[in-house]
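As structure tokens, the structure follows; a few thoughts come after it.
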Amino acid sequence: METSVKKTGLTHKLLMFVLMIYLLIPLLATFLYAFAKEWQTTVLPERWTVGWFSQMFQDIRFLDALWTSLYLCSISVALSLVIMLPAVFIITVYLPKWESFMKGIVVLPYAVPGVVAAVGLIRAYSSGPIEIAGTAYILIGAYFIVILPYMYQGIRNSLLTVSAVELLGSAELLGASRMKAFVSVILPNIWPGVMTSTLLSFSVLFGEFVLTNMLVGGHIQTIQVYLYQRVGESGHLASAIAISYFIFILVLSMILMKLGKRMNRGIEG
Amino acid sequence: MSAYLELQGIRKQFGNTNVLNHVDLQIHEGELVTLLGPSGCGKSTLLRCIAGLTDIDGGKIILEQKDIVNLAPRNREIGMVFQSYALFPNLTVSENIQYGMKMRGASKGERRNRSEELLALIDLEDKRDAYPRHLSGGQQQRVALARSLAVQPKVLLLDEPLSALDAKIRKNLRTEIRDIQRKFNMTTIFVTHDQEEALIISDRVCLMNKGSIVQQGTPEELYTTPRTEFVARFMGSYNVLTRPEALRLFQRVDSTAERFAIRPESFILLDEEGRKEALYAGKRIVDGNVHSVSILGNIIRYAIDTAGVRLTIDVLNDGRSHRIGDQTAVSLALDDSQLLHLEKEGA
Amino acid sequence: MKWRNRWIFLGLVPFVLMVVAFQFAPILSMITGSVRAEGGPGFTLSYYARVFQSAYYLKAIKNSLLISIASSFIGIIVGLICAYSITRFSPRIRNRLLVLSNMTSNFSGVPLAFSYIILLGNNGVFTLLFKQWGWNVFGDFNLYSWTGLILVYVYFQVPLALLLLYPSFYGIRDQWKEAASLLGASKWQFWTTIGIPVLTPAVFGTLGILFANAMGAYATAYALVGGNYNLLAVQIGSLVSGDVVNEPQLGNVLAVILALSTLLAVYLNHKMTQRSQAFNSNPSSRQVRTRRTFRRPWATTVKEEL
């Protein structure tokens, strides 16, 4: 493929240039806005400041929201890891017949949008035996479903790329117990892949707004809910928050890419 | 000599298909037995059943007079080498080799000595600290072999260990495996779909089809006396004849068999001179027409149409036979002692 | 699995519990909620009747469908062109471009709506700038209207379309092109006879995802127009969380309708993915069985080893 690509034509260059401008302008504007003291009727702001950022970090509600987000996302991802790791392992290795059924379950969160899920969750848990509507529990449960596809695919793909079934078979024939084989042979090899899906899930949850706002919006403020409330108050401050959020996600995805590369190198060699 | 490993009536179903149909097999100590057959014949499943990686639905697996069916794979003392090597990618070569001993609680020194011994055996001493991904396919498979030998298993199972390798490496490793197997007097079951590989490497070949062993014997026996059409077709380029075809060629046959087989090298191609001599000698001669000629190195293979049958005939390539080209009329001397009478399939 | 391994299935219990509690129970509850009479047991379709008789809710459904279809189609067209364009670059630049578009696809929901407000809102930078420059072309533009929503929706559809379509372009191997040209096909003929048929399932599959994505989009619309624009997702939100009038049953009905449309779209994607996998099955992923010296008649009909 690579060798046959001739010199990229001007049309393509222009096209990509326009696309990138289109995609980056909103980001850029937010970025500039976050550092602008005033910005009206000029192409670029006239005066700059980092005041919005310092104001942001002095805002106790922002810090609270940040902490809540980190806390809720970490708990949800950790819970998912603890539950999904054995489940996906068992299904992939011992119950491959169930995989088509699993695919159905895993695609459901894609097919059921957040609003719809929220409607169902509120109705199911606002009365009756388990009354957890409006609490962090219902949110963690909902988050578990949101990241289910990422966790399932990530773990399953890692298991398949290292051909877990055969590794397990050879470890067992060499005298390892099932538990021992899992810990000494399977886990270290799938770990980079699992880490990748964990971080991906984390960044997905960090950007989650619909479920959070609808399920616990009044009681628990995550960074997204907080951002939504600040939009109306101060544009510059909100920009600073949005940009910080975005940079955080960016760092996370960069780590993801590095991990992904290492995973590939580890397998192909 | 009593059997070292004995399979009695092994049955296995996947859904509604019988993958293994009451398979019986006896293997002696130090013997190398090959399970040969086309894809889907159940040979790999049988191997996995012996290892305990697949559960059987019925039957007994007796190793040294003990039924091991209810033992977990790790307690069976059986080693296995997989087609895809299945080396642990997070461990180095020597760690891979030591893995089994570590699981069995061997001391560090003991482990190191044994692994060095095996590294020397497979000639990979300089790769001891390399990771599997840095090795070639052939090297990886040698490590896999060493890894399963390290724990001194009672039986070694090899599941198409050579199929993923290049032709040349395959041949070398084939010899190497046989040498190592002889050296350790290792009772070995070797699975392959390659009849040439099976004939070369084995003490005994079991040809499988549709979940049963259809014929077993020494490579010699299997090659020279196939009992059914399936075996004849699988073992070589036998000419398989129907009864009417055989009657046309040989005029009479001394059995009620419906299928006959004759090896491609058991015909004699005659020139004008030879034809006369053969006639005097009272041999049966048929005339035919060359359809095509192909040179397979030291053998020339002809496809010859005669009496309404297309026969495959092999002649040693001694440099004299080249003058026979396509569409040439030729004569064949037939020897009915070479005609094999086949049994019905599944009889 | 044999009896001695049964305990291992205990590992599935928490998973099943979570999925039942937070995936199936809510869906079931939503469906029953949409057909249960108020204040007691009994089956009723009256809420569905109310929705389908209300011009207001029908308008919401129509608006959502229109905006989803429009934004998906624009997204897919831009995505297709850009995905092709991207394959023409050297691998290094190609990767950078993909990373950039991947990065912007993270930029969605509230922050995205917000940055469009900064740019094009009533007091947005561009709005004021254009006013000062006297560009009246954009004078009628209103971010909080249909056109504004389309603009924002397209923004998050394009990178998604690009990322989903790009691999299929890559799947069209240069060897196919070479083979086609040796067989006498022109570049154009190659695309009409091979290229486009191979891409078609991927295009429709991606369309399904884009459509579902737009139908379910709530955060962007909510942050941008709040209750001011009549969209299905926004209506559901306000009916259930009680921004306006609290009528959860109607919310359930609308949610069922929305879920049906997205389910259908995702199903389309599923079917199409199967088709395109059939095209792009990679022979090297299977164990390539080496050719025997003498090919046997049944060699062509063998099954995979069980």
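Ordering of the structure tokens sets the chain letters (A, B, ...); residue numbers start at 1 within each chain; ligands are numbered from 1 in the order shown.
Every protein, DNA or RNA residue with an atom at most 8 Å from Asn122 (chain C), where only C-alpha atoms count and chain neighbours fewer than 3 positions away do not, is listed here: C:Ile117, C:Thr127, C:Asn142, C:Leu143.
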Can I get the residues of region 102-221 of chain C within 8 Å of region 228-252 of chain A, each with the closest pair of atoms and their distance in Å to one decimal, using only C-alpha atoms, sorted chain first then ascending number, as JSON lines?
{"residue": "C:Met103", "atom": "CA", "partner": "A:Leu250", "partner_atom": "CA", "distance": 7.0}
{"residue": "C:Asn106", "atom": "CA", "partner": "A:Ile249", "partner_atom": "CA", "distance": 7.8}
{"residue": "C:Phe107", "atom": "CA", "partner": "A:Phe246", "partner_atom": "CA", "distance": 7.2}
{"residue": "C:Val110", "atom": "CA", "partner": "A:Tyr228", "partner_atom": "CA", "distance": 6.3}
{"residue": "C:Pro111", "atom": "CA", "partner": "A:Ala242", "partner_atom": "CA", "distance": 5.7}
{"residue": "C:Phe114", "atom": "CA", "partner": "A:Val231", "partner_atom": "CA", "distance": 6.8}
{"residue": "C:Ser115", "atom": "CA", "partner": "A:Ser239", "partner_atom": "CA", "distance": 7.6}
{"residue": "C:Ile118", "atom": "CA", "partner": "A:Gly235", "partner_atom": "CA", "distance": 7.4}
Hey, could you make a per-residue contact list for chain A against chain B with 10 Å as the cut-off, showing the nearest pair of atoms and its distance in Å to one decimal, counting only C-alpha atoms, sorted by chain and number, as a tab-separated table?
residue	atom	partner	partner_atom	distance
A:Val162	CA	B:Pro89	CA	7.9
A:Ser163	CA	B:Ala86	CA	7.6
A:Ala164	CA	B:Ala86	CA	8.7
A:Val165	CA	B:Ala86	CA	9.1
A:Glu166	CA	B:Ala86	CA	5.7
A:Leu167	CA	B:Ala86	CA	5.3
A:Leu168	CA	B:Ala86	CA	8.8
A:Gly169	CA	B:Leu53	CA	6.4
A:Ser170	CA	B:Met80	CA	6.9
A:Ala171	CA	B:Gly100	CA	7.4
A:Glu172	CA	B:Arg74	CA	4.9
A:Leu173	CA	B:Arg74	CA	4.6
A:Leu174	CA	B:Gly100	CA	4.3
A:Gly175	CA	B:Arg74	CA	4.1
A:Ala176	CA	B:Met103	CA	5.5
A:Ser177	CA	B:Arg74	CA	7.0
A:Arg178	CA	B:Arg74	CA	9.1
A:Lys180	CA	B:Met103	CA	8.7
A:Ala181	CA	B:Met103	CA	9.5
A:Ser184	CA	B:Asn90	CA	9.2
A:Val185	CA	B:Phe88	CA	6.5
A:Ile186	CA	B:Phe88	CA	8.6
A:Leu187	CA	B:Asn90	CA	9.8
A:Pro188	CA	B:Asn90	CA	6.7
A:Asn189	CA	B:Asn90	CA	6.0
A:Ile190	CA	B:Asn90	CA	9.8
A:Arg265	CA	B:Arg133	CA	9.0
A:Gly266	CA	B:Arg133	CA	7.5
A:Ile267	CA	B:Arg133	CA	7.0
A:Glu268	CA	B:Arg133	CA	6.5
A:Gly269	CA	B:Arg133	CA	4.6
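Coordinates place CA of Val266 (chain C) at a distance of 19.2 Å from CA of Ala118 (chain A).
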Review point. Looking only at the backbone, which of the residues in region 235-310 of chain B does DSSP tag as strand (DSSP E), as an MDAnalysis selection string?
Key: chainID B and resid 239:242 259:262 268:270 284:296 299:306 309:310
Point to revise | Exercise: region 196-204 of chain A partners within 9 Å, only C-alpha atoms, chain neighbours under 5 positions left out, as a ChimeraX atom specification | key: /A:70,73-74,76-78,80-81,146-148,150-155,191,248-249,252-253,255-257,259-260 /C:106
Suppose we keep C-alpha atoms; can you now write the selection as a compact mmCIF listing (two decimals), in the first residue's frame?
# COMPACT_ATOMS: atom_id res chain seq x y z
CA LEU A 70 -12.76 10.94 39.57
CA CYS A 73 -15.53 6.90 37.52
CA SER A 74 -12.79 5.03 39.37
CA SER A 76 -17.32 2.15 38.39
CA VAL A 77 -14.33 1.12 36.31
CA ALA A 78 -12.83 -0.88 39.18
CA SER A 80 -16.43 -3.39 36.07
CA LEU A 81 -12.90 -4.77 36.00
CA VAL A 146 -22.23 2.19 29.66
CA ILE A 147 -18.72 0.76 29.67
CA LEU A 148 -19.78 -2.86 29.26
CA TYR A 150 -15.59 -1.43 25.87
CA MET A 151 -14.61 -3.74 28.69
CA TYR A 152 -16.01 -6.83 27.01
CA GLN A 153 -14.39 -6.15 23.65
CA GLY A 154 -11.09 -5.14 25.19
CA ILE A 155 -10.76 -8.17 27.42
CA TRP A 191 -2.80 -6.89 31.03
CA PHE A 248 -7.11 15.57 30.68
CA ILE A 249 -8.89 13.36 28.14
CA LEU A 252 -5.48 9.78 28.80
CA SER A 253 -5.82 8.91 25.12
CA ILE A 255 -1.38 6.92 27.32
CA LEU A 256 -3.90 4.66 25.60
CA MET A 257 -2.07 4.88 22.31
CA LEU A 259 -0.22 1.13 25.60
CA GLY A 260 -1.82 -0.01 22.38
CA ASN C 106 -13.80 13.08 22.12
Practice item. Give me, as number ranges by chain, the contact residues of chain A against chain C at a cut-off of 6 Å, counting only C-alpha atoms. Key: A: 8, 12, 26, 30, 41, 83, 86-87, 111-113, 116, 120-121, 124, 141, 210, 242
Those residues you just picked out, can you put them in a file as an mmCIF file, in the first residue's frame with N, CA, C and O atoms?
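Written out: part.cif:
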data_model
loop_
_atom_site.group_PDB
_atom_site.id
_atom_site.type_symbol
_atom_site.label_atom_id
_atom_site.label_comp_id
_atom_site.auth_asym_id
_atom_site.auth_seq_id
_atom_site.Cartn_x
_atom_site.Cartn_y
_atom_site.Cartn_z
ATOM 1 N N THR A 8 1.037 12.892 -2.823
ATOM 2 C CA THR A 8 -0.348 13.242 -2.523
ATOM 3 C C THR A 8 -0.768 14.470 -3.313
ATOM 4 O O THR A 8 -0.078 15.490 -3.315
ATOM 5 N N HIS A 12 -6.267 16.565 -2.395
ATOM 6 C CA HIS A 12 -6.350 15.845 -1.125
ATOM 7 C C HIS A 12 -5.793 16.678 0.015
ATOM 8 O O HIS A 12 -6.344 16.698 1.113
ATOM 9 N N PRO A 26 -13.511 24.835 16.718
ATOM 10 C CA PRO A 26 -14.209 24.942 18.002
ATOM 11 C C PRO A 26 -13.268 24.763 19.190
ATOM 12 O O PRO A 26 -13.358 25.483 20.185
ATOM 13 N N THR A 30 -12.306 27.686 21.928
ATOM 14 C CA THR A 30 -12.470 27.486 23.366
ATOM 15 C C THR A 30 -11.163 27.747 24.090
ATOM 16 O O THR A 30 -11.129 28.371 25.155
ATOM 17 N N THR A 41 -15.205 41.262 18.718
ATOM 18 C CA THR A 41 -15.045 41.979 17.448
ATOM 19 C C THR A 41 -13.614 42.076 16.942
ATOM 20 O O THR A 41 -13.265 42.967 16.197
ATOM 21 N N ILE A 83 -15.677 -7.492 37.910
ATOM 22 C CA ILE A 83 -16.765 -8.367 37.468
ATOM 23 C C ILE A 83 -16.507 -8.914 36.069
ATOM 24 O O ILE A 83 -16.741 -10.093 35.792
ATOM 25 N N PRO A 86 -13.253 -11.963 35.223
ATOM 26 C CA PRO A 86 -13.577 -13.393 35.276
ATOM 27 C C PRO A 86 -14.694 -13.774 34.311
ATOM 28 O O PRO A 86 -14.608 -14.825 33.665
ATOM 29 N N ALA A 87 -15.699 -12.903 34.179
ATOM 30 C CA ALA A 87 -16.846 -13.275 33.341
ATOM 31 C C ALA A 87 -16.427 -13.462 31.883
ATOM 32 O O ALA A 87 -16.752 -14.472 31.261
ATOM 33 N N ALA A 111 -27.276 0.451 21.393
ATOM 34 C CA ALA A 111 -28.572 0.600 20.746
ATOM 35 C C ALA A 111 -29.567 1.331 21.634
ATOM 36 O O ALA A 111 -30.538 1.872 21.141
ATOM 37 N N VAL A 112 -29.331 1.305 22.943
ATOM 38 C CA VAL A 112 -30.238 1.993 23.852
ATOM 39 C C VAL A 112 -29.554 3.280 24.303
ATOM 40 O O VAL A 112 -28.633 3.254 25.103
ATOM 41 N N PRO A 113 -29.998 4.422 23.787
ATOM 42 C CA PRO A 113 -29.325 5.676 24.127
ATOM 43 C C PRO A 113 -29.481 6.008 25.608
ATOM 44 O O PRO A 113 -30.378 5.491 26.276
ATOM 45 N N VAL A 116 -32.899 6.957 27.038
ATOM 46 C CA VAL A 116 -33.818 5.836 27.180
ATOM 47 C C VAL A 116 -33.462 5.024 28.416
ATOM 48 O O VAL A 116 -34.322 4.682 29.233
ATOM 49 N N GLY A 120 -35.802 4.210 31.881
ATOM 50 C CA GLY A 120 -36.047 2.899 32.451
ATOM 51 C C GLY A 120 -35.510 2.782 33.865
ATOM 52 O O GLY A 120 -36.180 2.256 34.758
ATOM 53 N N LEU A 121 -34.304 3.275 34.062
ATOM 54 C CA LEU A 121 -33.677 3.155 35.387
ATOM 55 C C LEU A 121 -34.479 3.916 36.434
ATOM 56 O O LEU A 121 -34.702 3.425 37.543
ATOM 57 N N ALA A 124 -37.594 1.946 37.205
ATOM 58 C CA ALA A 124 -37.355 0.671 37.889
ATOM 59 C C ALA A 124 -36.933 0.878 39.340
ATOM 60 O O ALA A 124 -37.232 0.049 40.196
ATOM 61 N N GLY A 141 -24.312 1.656 38.745
ATOM 62 C CA GLY A 141 -24.925 0.586 37.958
ATOM 63 C C GLY A 141 -25.064 0.984 36.500
ATOM 64 O O GLY A 141 -24.725 0.223 35.590
ATOM 65 N N VAL A 210 -25.542 12.647 30.067
ATOM 66 C CA VAL A 210 -26.971 12.339 30.045
ATOM 67 C C VAL A 210 -27.418 11.613 31.300
ATOM 68 O O VAL A 210 -28.298 12.072 32.033
ATOM 69 N N ALA A 242 -13.700 23.564 30.275
ATOM 70 C CA ALA A 242 -13.783 22.679 29.118
ATOM 71 C C ALA A 242 -12.396 22.300 28.614
ATOM 72 O O ALA A 242 -12.124 21.142 28.281
#
Practice item. Find the residue from B:Gly109, B:Gly30, B:Gly9, B:Gly42 that sits nearest to chain C; use only C-alpha atoms when measuring. Key: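 Looking only at the distances to chain C, the closest residue turns out to be B:Gly42.
Residues from chain B found within 8 Å of chain C are Val19, Pro38, Ser39, Gly40, Cys41, Gly42, Ser44, Thr45, Asp55, Ser163, Ala164, Asp194, Arg233, Phe234 and Ser237 of chain B, counting only C-alpha atoms.
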Review point. At what distance in Å, to one decimal, does CA of Leu72 (chain A) lie from CA of Gly128 (chain A)?
Key: 24.9 Å
